[in-house]
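Novice: This is the content of protein13.txt (compact mmCIF, C-alpha atoms):
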```txt
# COMPACT_ATOMS: atom_id res chain seq x y z
CA MET C 1214 -17.59 17.09 -1.45
CA SER C 1215 -19.60 15.41 1.28
CA LEU C 1216 -20.92 12.00 2.16
CA SER C 1217 -24.52 11.47 3.23
CA PHE C 1218 -25.32 12.31 6.88
CA GLY C 1219 -26.21 8.68 7.69
CA SER C 1220 -22.99 7.41 6.19
CA THR C 1221 -20.84 9.98 7.98
CA LEU C 1222 -22.60 9.25 11.30
CA LYS C 1223 -21.98 5.51 10.85
CA VAL C 1224 -18.26 6.12 10.18
CA TYR C 1225 -17.88 8.34 13.26
CA LEU C 1226 -19.83 5.94 15.49
CA LYS C 1227 -17.65 3.04 14.41
CA LEU C 1228 -14.47 5.05 14.96
CA THR C 1229 -15.69 6.17 18.42
CA LEU C 1230 -16.52 2.57 19.33
CA LEU C 1231 -13.11 1.31 18.21
CA PHE C 1232 -11.28 4.05 20.11
CA ALA C 1233 -13.46 3.36 23.18
CA LEU C 1234 -12.41 -0.29 22.91
CA LEU C 1235 -8.73 0.68 22.77
CA GLY C 1236 -9.22 3.03 25.74
CA GLY C 1237 -11.03 0.25 27.63
CA ILE C 1238 -8.10 -2.14 27.15
CA LEU C 1239 -5.70 0.57 28.35
CA VAL C 1240 -7.78 1.33 31.46
CA GLY C 1241 -8.17 -2.40 32.23
CA LEU C 1242 -4.42 -2.91 32.10
CA GLY C 1243 -3.95 0.21 34.22
CA PHE C 1244 -6.03 -1.39 37.00
CA LEU C 1245 -3.91 -4.55 36.80
CA ILE C 1246 -0.67 -2.69 37.43
CA GLY C 1247 -2.11 -0.80 40.35
CA GLY C 1248 -3.67 2.36 39.02
CA ILE C 1249 -4.87 4.43 36.12
CA SER C 1250 -2.22 7.10 36.69
CA LEU C 1251 0.60 4.77 35.59
CA ALA C 1252 -1.36 3.81 32.48
CA PHE C 1253 -1.84 7.52 31.82
CA TRP C 1254 1.95 8.11 31.92
CA PHE C 1255 2.50 5.29 29.46
CA LEU C 1256 -0.14 6.84 27.21
CA LEU C 1257 1.57 10.23 27.43
CA PHE C 1258 4.93 8.68 26.52
CA ALA C 1259 3.41 6.79 23.57
CA LEU C 1260 1.58 9.93 22.41
CA ALA C 1261 4.80 11.97 22.50
CA PHE C 1262 6.68 9.31 20.53
CA ASN C 1263 3.94 8.85 17.95
CA PHE C 1264 3.36 12.58 17.49
CA ILE C 1265 7.05 13.08 16.69
CA MET C 1266 6.57 10.31 14.13
CA TYR C 1267 3.42 12.07 12.92
CA PHE C 1268 5.39 15.24 12.13
CA ILE C 1269 8.24 13.51 10.31
CA SER C 1270 6.24 10.61 8.87
CA ASP C 1271 6.07 12.03 5.33
CA LYS C 1272 9.87 12.10 5.12
CA ILE C 1273 10.13 8.58 6.55
CA VAL C 1274 7.51 7.35 4.09
CA LEU C 1275 9.34 8.92 1.14
CA LEU C 1276 12.53 7.18 2.24
CA SER C 1277 10.97 3.78 2.90
CA THR C 1278 8.93 3.66 -0.31
CA GLY C 1279 11.56 5.20 -2.57
CA ALA C 1280 9.01 7.80 -3.73
CA LYS C 1281 10.41 10.88 -5.46
CA ILE C 1282 8.58 14.22 -5.55
CA VAL C 1283 8.06 15.22 -9.19
CA SER C 1284 7.38 18.55 -10.89
CA GLU C 1285 4.58 19.28 -13.38
CA GLU C 1286 7.10 18.98 -16.22
CA GLU C 1287 8.19 15.54 -15.02
CA ALA C 1288 4.67 14.13 -14.54
CA PRO C 1289 2.09 16.35 -16.30
CA ARG C 1290 -0.73 13.76 -16.33
CA LEU C 1291 -0.40 12.92 -12.64
CA HIS C 1292 -0.23 16.60 -11.70
CA ALA C 1293 -3.29 17.43 -13.81
CA ILE C 1294 -5.35 14.69 -12.13
CA VAL C 1295 -4.24 15.68 -8.60
CA SER C 1296 -4.97 19.39 -9.36
CA LYS C 1297 -8.48 18.54 -10.60
CA LEU C 1298 -9.28 16.30 -7.62
CA SER C 1299 -7.91 18.65 -4.94
CA ALA C 1300 -9.88 21.56 -6.46
CA GLN C 1301 -13.04 19.41 -6.41
CA ALA C 1302 -12.37 18.38 -2.81
CA GLY C 1303 -11.63 21.99 -1.78
CA ILE C 1304 -8.18 21.30 -0.35
CA PRO C 1305 -4.73 22.74 -1.25
CA LYS C 1306 -3.02 20.71 -3.95
CA PRO C 1307 -0.88 18.02 -2.28
CA LYS C 1308 2.72 17.38 -3.30
CA VAL C 1309 2.97 14.77 -6.03
CA ALA C 1310 5.43 11.86 -6.01
CA ILE C 1311 6.22 8.82 -8.13
CA VAL C 1312 7.51 5.43 -6.99
CA ARG C 1313 9.47 3.66 -9.72
CA SER C 1314 7.89 0.24 -9.35
CA PRO C 1315 6.12 -2.11 -11.77
CA GLN C 1316 3.26 -2.81 -9.34
CA PRO C 1317 0.18 -0.58 -9.72
CA ASN C 1318 -0.41 1.11 -6.38
CA ALA C 1319 -0.67 4.53 -4.70
CA PHE C 1320 -0.58 6.13 -1.25
CA ALA C 1321 -1.11 9.41 0.58
CA THR C 1322 0.79 10.76 3.54
CA GLY C 1323 1.39 14.05 5.36
CA ARG C 1324 0.13 15.32 8.69
CA ASN C 1325 -2.71 17.52 7.39
CA LYS C 1326 -4.33 18.98 4.26
CA GLU C 1327 -1.62 21.66 4.03
CA HIS C 1328 1.25 19.15 4.19
CA ALA C 1329 -0.20 16.27 2.19
CA LEU C 1330 1.60 14.18 -0.39
CA VAL C 1331 0.05 11.82 -2.92
CA ALA C 1332 2.19 9.20 -4.66
CA ALA C 1333 1.55 6.74 -7.48
CA THR C 1334 3.74 3.99 -8.90
CA THR C 1335 4.91 4.00 -12.51
CA GLY C 1336 3.12 0.63 -12.81
CA LEU C 1337 -0.21 2.26 -11.87
CA LEU C 1338 0.28 5.12 -14.34
CA ASN C 1339 1.20 2.72 -17.16
CA MET C 1340 -1.59 0.22 -16.59
CA MET C 1341 -4.59 2.39 -15.85
CA ASN C 1342 -6.59 4.80 -17.95
CA ASP C 1343 -7.31 8.34 -16.74
CA ASP C 1344 -10.61 7.40 -15.07
CA GLU C 1345 -8.96 4.61 -13.09
CA VAL C 1346 -5.96 6.73 -12.04
CA GLU C 1347 -8.41 9.46 -11.01
CA ALA C 1348 -10.44 6.99 -8.93
CA VAL C 1349 -7.33 5.69 -7.14
CA LEU C 1350 -6.01 9.18 -6.43
CA ALA C 1351 -9.48 10.32 -5.26
CA HIS C 1352 -9.28 7.48 -2.69
CA GLU C 1353 -5.91 8.89 -1.55
CA ILE C 1354 -7.33 12.43 -1.42
CA GLY C 1355 -10.10 10.90 0.71
CA HIS C 1356 -7.46 9.85 3.26
CA VAL C 1357 -6.16 13.43 3.29
CA ILE C 1358 -9.65 14.94 3.77
CA HIS C 1359 -10.47 12.48 6.57
CA ARG C 1360 -7.18 13.25 8.41
CA ASP C 1361 -6.33 9.57 8.44
CA MET C 1362 -2.71 10.21 9.38
CA LEU C 1363 -3.96 11.77 12.62
CA VAL C 1364 -6.46 8.95 13.24
CA SER C 1365 -3.83 6.26 12.70
CA THR C 1366 -1.30 8.15 14.87
CA VAL C 1367 -3.73 8.30 17.82
CA ALA C 1368 -4.66 4.63 17.36
CA ALA C 1369 -0.97 3.66 17.17
CA SER C 1370 -0.23 5.70 20.32
CA ILE C 1371 -2.85 3.91 22.40
CA ALA C 1372 -1.83 0.52 21.00
CA THR C 1373 1.83 1.30 21.76
CA ALA C 1374 0.97 2.29 25.35
CA ILE C 1375 -0.97 -0.96 25.78
CA SER C 1376 1.97 -2.92 24.45
CA TYR C 1377 4.39 -1.14 26.88
CA ILE C 1378 2.11 -1.86 29.84
CA GLY C 1379 1.70 -5.48 28.69
CA ASN C 1380 5.48 -5.84 28.70
CA LEU C 1381 5.72 -4.23 32.13
CA ILE C 1382 3.12 -6.58 33.57
CA ALA C 1383 4.86 -9.61 32.07
CA TRP C 1384 8.14 -8.56 33.68
CA MET C 1385 6.42 -7.83 37.01
CA VAL C 1386 4.96 -11.34 37.01
CA ILE C 1387 8.29 -12.90 36.03
CA LEU C 1388 10.17 -10.97 38.75
CA GLY C 1389 7.45 -11.66 41.35
CA GLY C 1390 6.29 -8.05 41.63
CA LEU C 1391 2.62 -8.93 41.18
CA GLY C 1392 1.20 -10.99 44.01
CA GLY C 1393 2.85 -13.06 46.73
CA ARG C 1394 3.09 -16.79 47.45
CA GLY C 1395 -0.52 -17.72 48.21
CA ARG C 1396 -2.88 -19.61 45.88
CA ASP C 1397 -4.95 -16.47 45.18
CA ASP C 1398 -1.82 -14.53 44.37
CA SER C 1399 -0.65 -17.22 41.93
CA ALA C 1400 -4.02 -17.12 40.21
CA ARG C 1401 -3.78 -13.35 40.02
CA SER C 1402 -0.29 -13.60 38.48
CA ILE C 1403 -1.50 -16.07 35.85
CA ALA C 1404 -4.46 -13.80 35.02
CA ALA C 1405 -2.14 -10.79 34.78
CA LEU C 1406 0.25 -12.65 32.50
CA GLY C 1407 -2.69 -13.71 30.31
CA ALA C 1408 -3.88 -10.10 30.12
CA ALA C 1409 -0.33 -8.92 29.35
CA ILE C 1410 -0.21 -11.26 26.37
CA LEU C 1411 -3.78 -10.84 25.10
CA ALA C 1412 -4.25 -7.08 25.58
CA PRO C 1413 -1.59 -5.97 23.06
CA LEU C 1414 -2.96 -8.55 20.60
CA ALA C 1415 -6.50 -7.22 21.06
CA ALA C 1416 -5.18 -3.65 20.67
CA THR C 1417 -3.48 -4.60 17.40
CA PHE C 1418 -6.75 -6.10 16.10
CA VAL C 1419 -8.63 -2.91 17.00
CA GLN C 1420 -5.90 -0.80 15.37
CA LEU C 1421 -6.18 -2.92 12.18
CA ALA C 1422 -9.99 -2.61 12.29
CA ILE C 1423 -9.59 1.19 12.41
CA SER C 1424 -7.23 1.02 9.41
CA ARG C 1425 -9.73 -1.12 7.45
CA SER C 1426 -12.66 1.17 8.28
CA ARG C 1427 -10.64 4.15 6.98
CA GLU C 1428 -10.10 2.31 3.69
CA TYR C 1429 -13.85 1.85 3.21
CA TYR C 1430 -14.35 5.51 4.07
CA ALA C 1431 -11.72 6.60 1.50
CA ASP C 1432 -13.34 4.33 -1.13
CA GLU C 1433 -16.64 6.08 -0.46
CA ALA C 1434 -14.92 9.47 -0.79
CA SER C 1435 -13.51 8.40 -4.17
CA ALA C 1436 -16.98 7.38 -5.38
CA VAL C 1437 -18.49 10.69 -4.26
CA LEU C 1438 -15.62 12.81 -5.58
CA THR C 1439 -15.40 11.24 -9.06
CA ARG C 1440 -19.09 10.22 -9.35
CA ARG C 1441 -17.76 7.02 -10.97
CA PRO C 1442 -17.52 4.20 -8.40
CA GLN C 1443 -17.12 1.73 -11.29
CA SER C 1444 -13.71 3.25 -12.09
CA LEU C 1445 -12.43 2.41 -8.61
CA ILE C 1446 -13.91 -1.11 -8.91
CA ARG C 1447 -11.95 -1.61 -12.16
CA ALA C 1448 -8.76 -0.16 -10.68
CA LEU C 1449 -8.96 -2.30 -7.53
CA THR C 1450 -9.56 -5.39 -9.66
CA LYS C 1451 -6.47 -4.66 -11.77
CA ILE C 1452 -4.32 -4.00 -8.69
CA GLU C 1453 -5.56 -7.18 -7.01
CA GLN C 1454 -4.82 -9.27 -10.10
CA MET C 1455 -1.31 -7.87 -10.32
CA ILE C 1456 -0.60 -8.51 -6.63
CA TYR C 1457 -1.88 -12.10 -6.81
CA ARG C 1458 0.03 -12.75 -10.03
CA GLY C 1459 3.17 -12.02 -8.09
CA ALA C 1460 4.34 -8.48 -8.58
CA PRO C 1461 5.73 -7.54 -5.18
CA LEU C 1462 6.34 -3.86 -4.62
CA ASN C 1463 9.82 -2.44 -4.11
CA ALA C 1464 8.89 -0.89 -0.80
CA SER C 1465 9.29 -1.64 2.88
CA PRO C 1466 6.61 -4.02 4.29
CA SER C 1467 6.19 -1.56 7.19
CA THR C 1468 4.42 0.76 4.73
CA ALA C 1469 1.68 -1.84 3.94
CA SER C 1470 -1.16 0.14 5.54
CA LEU C 1471 -0.39 3.23 3.45
CA TRP C 1472 -1.13 1.87 0.00
CA ILE C 1473 -4.54 1.68 -1.68
CA ALA C 1474 -4.19 -2.12 -1.67
CA ASN C 1475 -1.87 -4.07 0.61
CA PRO C 1476 1.08 -4.84 -1.71
CA PHE C 1477 2.51 -7.58 0.50
CA LYS C 1478 -0.48 -9.76 1.26
CA GLY C 1479 -0.79 -13.45 0.55
CA SER C 1480 -3.98 -15.09 -0.64
CA SER C 1481 -4.62 -16.94 2.63
CA LEU C 1482 -4.36 -13.94 4.93
CA LEU C 1483 -7.43 -13.46 7.07
CA GLU C 1484 -9.05 -10.05 6.93
CA LEU C 1485 -8.84 -9.77 10.74
CA PHE C 1486 -5.04 -9.59 10.53
CA SER C 1487 -4.98 -7.24 7.57
CA THR C 1488 -4.47 -3.48 7.29
CA HIS C 1489 -6.93 -3.47 4.37
CA PRO C 1490 -10.38 -4.98 3.86
CA SER C 1491 -10.53 -7.67 1.18
CA THR C 1492 -10.91 -6.32 -2.35
CA GLU C 1493 -14.05 -8.46 -2.68
CA ASN C 1494 -15.68 -6.65 0.27
CA ARG C 1495 -14.54 -3.26 -1.01
CA ILE C 1496 -16.01 -3.95 -4.44
CA ARG C 1497 -19.28 -5.14 -2.87
CA ARG C 1498 -19.56 -1.85 -0.96
CA LEU C 1499 -18.66 0.20 -4.03
CA GLU C 1500 -21.36 -1.61 -6.01
CA GLU C 1501 -23.87 -0.68 -3.30
CA ILE C 1502 -22.75 2.96 -3.56
CA ALA C 1503 -23.02 2.79 -7.37
CA ARG C 1504 -26.59 1.48 -7.11
CA LYS C 1505 -27.48 4.29 -4.67
CA MET C 1506 -26.03 6.76 -7.19
CA GLY C 1507 -28.34 5.33 -9.82
CA TYR C 1508 -25.80 3.28 -11.78
CA TYR C 1509 -26.67 -0.19 -12.94
CA VAL C 1510 -24.03 -2.60 -11.56
CA MET D 620 9.14 -30.39 -28.31
CA SER D 621 10.18 -30.02 -24.64
CA SER D 622 9.11 -26.89 -22.84
CA LEU D 623 11.10 -24.86 -20.36
CA THR D 624 10.19 -22.29 -17.76
CA ILE D 625 12.18 -19.10 -17.77
CA ILE D 626 11.99 -16.77 -14.79
CA VAL D 627 12.31 -13.11 -15.61
CA ASP D 628 13.28 -10.60 -12.94
CA TYR D 629 11.58 -7.35 -13.93
CA SER D 630 12.29 -5.41 -10.70
CA ASN D 631 14.31 -2.79 -12.49
CA VAL D 632 12.10 -2.00 -15.50
CA TYR D 633 11.61 1.56 -14.27
CA GLY D 634 15.05 1.95 -12.71
CA GLY D 635 13.80 1.89 -9.09
CA ARG D 636 15.99 1.12 -6.10
CA GLN D 637 16.62 -2.52 -5.29
CA ARG D 638 16.46 -2.70 -1.51
CA PHE D 639 13.38 -4.88 -1.25
CA PRO D 640 12.02 -8.19 -2.60
CA LYS D 641 12.51 -8.70 -6.30
CA ASN D 642 9.74 -8.99 -8.89
CA PHE D 643 9.65 -12.21 -10.88
CA ILE D 644 7.43 -13.73 -13.54
CA GLU D 645 7.57 -17.17 -15.10
CA VAL D 646 7.40 -17.52 -18.87
CA ASN D 647 6.83 -20.90 -20.53
CA VAL D 648 8.91 -21.32 -23.69
CA THR D 649 10.00 -23.94 -26.21
CA PRO D 650 13.60 -24.21 -27.54
CA ASP D 651 12.49 -22.27 -30.67
CA THR D 652 11.26 -19.27 -28.71
CA THR D 653 13.44 -16.22 -29.26
CA VAL D 654 14.79 -13.97 -26.52
CA ASP D 655 12.80 -11.16 -28.14
CA LYS D 656 9.56 -13.09 -27.65
CA VAL D 657 10.30 -13.69 -23.94
CA LYS D 658 11.12 -10.00 -23.46
CA ASN D 659 7.97 -8.83 -25.26
CA THR D 660 5.77 -11.22 -23.27
CA VAL D 661 6.93 -9.66 -20.00
CA LEU D 662 6.69 -6.11 -21.36
CA ASN D 663 3.15 -6.79 -22.58
CA TYR D 664 2.25 -8.13 -19.13
CA LEU D 665 3.55 -4.87 -17.65
CA ASN D 666 1.81 -2.79 -20.34
CA ILE D 667 5.10 -1.24 -21.44
CA PRO D 668 5.07 -0.71 -25.24
CA TYR D 669 8.70 0.45 -25.66
CA PHE D 670 10.21 -2.89 -26.69
CA ASP D 671 13.28 -1.32 -28.32
CA LEU D 672 14.37 0.18 -24.99
CA TYR D 673 14.66 -3.16 -23.23
CA TYR D 674 16.94 -6.17 -23.26
CA LEU D 675 17.36 -9.39 -21.31
CA GLU D 676 20.47 -10.24 -19.39
CA PHE D 677 21.85 -13.60 -18.25
CA ASN D 678 24.78 -13.70 -15.82
CA LYS D 679 25.30 -9.98 -16.51
CA GLN D 680 25.69 -10.71 -20.24
CA LYS D 681 23.29 -8.95 -22.65
CA LEU D 682 21.37 -11.48 -24.77
CA ASP D 683 20.79 -11.01 -28.49
CA ASP D 684 17.07 -10.54 -29.21
CA GLN D 685 17.14 -12.93 -32.18
CA GLN D 686 18.80 -15.85 -30.35
CA SER D 687 16.58 -18.83 -29.63
CA VAL D 688 16.24 -20.11 -26.09
CA GLY D 689 17.38 -23.57 -27.25
CA SER D 690 20.70 -22.24 -28.53
CA LEU D 691 21.53 -20.76 -25.11
CA ASN D 692 21.58 -24.16 -23.31
CA PHE D 693 19.79 -22.89 -20.23
CA SER D 694 19.34 -25.11 -17.20
CA LYS D 695 15.81 -25.97 -15.94
CA LYS D 696 15.16 -22.87 -13.82
CA VAL D 697 17.06 -20.02 -15.37
CA VAL D 698 16.62 -16.39 -14.21
CA LEU D 699 16.95 -13.63 -16.80
CA VAL D 700 16.97 -9.96 -15.86
CA LEU D 701 14.90 -7.44 -17.82
CA LYS D 702 16.70 -4.11 -18.13
CA CYS D 703 16.11 -0.76 -19.77
CA ASN D 704 18.98 0.56 -21.87
CA ASN D 705 17.95 4.23 -21.65
CA LEU D 706 15.86 5.37 -18.67
CA ASP D 707 15.88 9.02 -19.79
CA GLU D 708 14.38 8.04 -23.13
CA LEU D 709 11.85 5.76 -21.37
CA TYR D 710 10.58 8.58 -19.15
CA SER D 711 10.61 11.02 -22.05
CA ARG D 712 8.40 8.66 -24.10
CA MET D 713 6.12 8.04 -21.14
CA ARG D 714 5.63 11.80 -20.79
CA ARG D 715 5.07 12.16 -24.55
CA ASP D 716 2.40 9.43 -24.45
CA ARG D 717 0.68 10.94 -21.38
CA ARG D 718 1.61 7.98 -19.24
CA LEU D 719 3.23 10.05 -16.47
```
Could you show the structure in this file as structure tokens?
Specialist:
Amino acid sequence: MSLSFGSTLKVYLKLTLLFALLGGILVGLGFLIGGISLAFWFLLFALAFNFIMYFISDKIVLLSTGAKIVSEEEAPRLHAIVSKLSAQAGIPKPKVAIVRSPQPNAFATGRNKEHALVAATTGLLNMMNDDEVEAVLAHEIGHVIHRDMLVSTVAASIATAISYIGNLIAWMVILGGLGGRGRDDSARSIAALGAAILAPLAATFVQLAISRSREYYADEASAVLTRRPQSLIRALTKIEQMIYRGAPLNASPSTASLWIANPFKGSSLLELFSTHPSTENRIRRLEEIARKMGYYV
Amino acid sequence: MSSLTIIVDYSNVYGGRQRFPKNFIEVNVTPDTTVDKVKNTVLNYLNIPYFDLYYLEFNKQKLDDQQSVGSLNFSKKVVLVLKCNNLDELYSRMRRDRRL
């Protein structure tokens, strides 16, 4: 399975730009606290912390979502669909799990293709036909192929380091460690405090933008893998309707970015603050893909 | 005939854990509406066809499917809980019907 060269290039360029932006914020803060080397140590610390999380994340996710790994006997339809999709994608078959929840949704986790896990809710399996379940799970397989756990871990590490440095700067200003008593020094302290507040916020926005771009990328993978972008359009529409009609998921809100659609969002939430692009934008992009594939939409 | 809104908590229809926010849906009824009708409305919304495996509960008391809402003297905003009486049978039927 592969996306077109232009499309892949666009995805990588965007990801590079977003990571460069995160790196830029980190370097800028490093200068404020008196050197890049200190910023580097914060980055190392954040990387170590997040990579431990990266290795145990699948277990944490299973616990926080209430997902249970199921055998082929327990969930034959789900296993058959995951087997078919992983064979098409050329990856080892991921573990399969079910979340006992009425809301239709799904997620993928695991640190690489060899340790991947795909989960679906009972609500999704009950409400969707085979084509729609396949489209949703192909999106999740897309996350596995694109190593999105690794991408999000690196993004989270840099954002965490920025947040630590922001806190340090704020405390330095409060305790008088940045600047002296002159007018210039006061101005410098105010600027540093402003940066300490704004930089972590900017880093969070960039981190969310990375998360949203990975969702579009996984949608595209689903369209290419199943050759039926319309199935994902139908599935996303059903999920969206269920979420807006008030079917909150029995899972921890900290897992919001994992699911195919954010199960905790409210209707007024701006896309900028969201882990997922709006369903409307996702459908628009899928329709474009469908037209390129020669389907009338 | 006066209408009433009944809130149904369907968080536990599949027997999942209850550590997080509950799942509710409002159903508009008249005093003549039976408990069975309320239950089936919610199960249809969830696309669960196994009506015989479910019942509604009020204050931890199982309600009779044939009772009318009017005879139960509910207050304005009553919350009923939708429960499955046999989860093993539910999952067995879902497997049989290629839903799992």
Novice: Kindly determine which residues of chain D lie within 12 Å of chain C, considering only C-alpha atoms, and give the answer as an MDAnalysis selection string.
Specialist: chainID D and resid 627:645 661:669 701 706:707 709:719
Novice: Based on the selection just made, write C-alpha atoms of those residues as a tab-separated table (two decimals), in the coordinates of the input.
Specialist:
```tsv
chain	number	residue	atom	x	y	z
D	627	VAL	CA	12.31	-13.11	-15.61
D	628	ASP	CA	13.28	-10.60	-12.94
D	629	TYR	CA	11.58	-7.35	-13.93
D	630	SER	CA	12.29	-5.41	-10.70
D	631	ASN	CA	14.31	-2.79	-12.49
D	632	VAL	CA	12.10	-2.00	-15.50
D	633	TYR	CA	11.61	1.56	-14.27
D	634	GLY	CA	15.05	1.95	-12.71
D	635	GLY	CA	13.80	1.89	-9.09
D	636	ARG	CA	15.99	1.12	-6.10
D	637	GLN	CA	16.62	-2.52	-5.29
D	638	ARG	CA	16.46	-2.70	-1.51
D	639	PHE	CA	13.38	-4.88	-1.25
D	640	PRO	CA	12.02	-8.19	-2.60
D	641	LYS	CA	12.51	-8.70	-6.30
D	642	ASN	CA	9.74	-8.99	-8.89
D	643	PHE	CA	9.65	-12.21	-10.88
D	644	ILE	CA	7.43	-13.73	-13.54
D	645	GLU	CA	7.57	-17.17	-15.10
D	661	VAL	CA	6.93	-9.66	-20.00
D	662	LEU	CA	6.69	-6.11	-21.36
D	663	ASN	CA	3.15	-6.79	-22.58
D	664	TYR	CA	2.25	-8.13	-19.13
D	665	LEU	CA	3.55	-4.87	-17.65
D	666	ASN	CA	1.81	-2.79	-20.34
D	667	ILE	CA	5.10	-1.24	-21.44
D	668	PRO	CA	5.07	-0.71	-25.24
D	669	TYR	CA	8.70	0.45	-25.66
D	701	LEU	CA	14.90	-7.44	-17.82
D	706	LEU	CA	15.86	5.37	-18.67
D	707	ASP	CA	15.88	9.02	-19.79
D	709	LEU	CA	11.85	5.76	-21.37
D	710	TYR	CA	10.58	8.58	-19.15
D	711	SER	CA	10.61	11.02	-22.05
D	712	ARG	CA	8.40	8.66	-24.10
D	713	MET	CA	6.12	8.04	-21.14
D	714	ARG	CA	5.63	11.80	-20.79
D	715	ARG	CA	5.07	12.16	-24.55
D	716	ASP	CA	2.40	9.43	-24.45
D	717	ARG	CA	0.68	10.94	-21.38
D	718	ARG	CA	1.61	7.98	-19.24
D	719	LEU	CA	3.23	10.05	-16.47
```
Novice: Near segment 1499-1506 of chain C, counting all atoms listed in the file, which residues have an atom at most 7 Å away, once you skip same-chain residues fewer than 3 positions from it, shown as number ranges by chain?
Specialist: C: 1442, 1446, 1495-1496, 1509-1510
Novice: Kindly indicate which residue among D:Thr660, D:Ser694, D:Gln680, D:Ser622 lies nearest to Val648 of chain D, using all atoms listed in the file for the distances.
Specialist: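 Closest to Val648 of chain D, using all atoms listed in the file: D:Ser622.
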Novice: Find the distance between atom CA of Thr1221 of chain C and atom CA of Gly1355 of chain C and write it in Å to one decimal.
Specialist: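 Interatomic distance here is 13.0 Å.
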Novice: Just how far from atom CA of Thr1450 of chain C is atom CA of Thr1492 of chain C, in Å to one decimal?
Specialist: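 Atom CA of Thr1492 of chain C sits 7.5 Å away from atom CA of Thr1450 of chain C.
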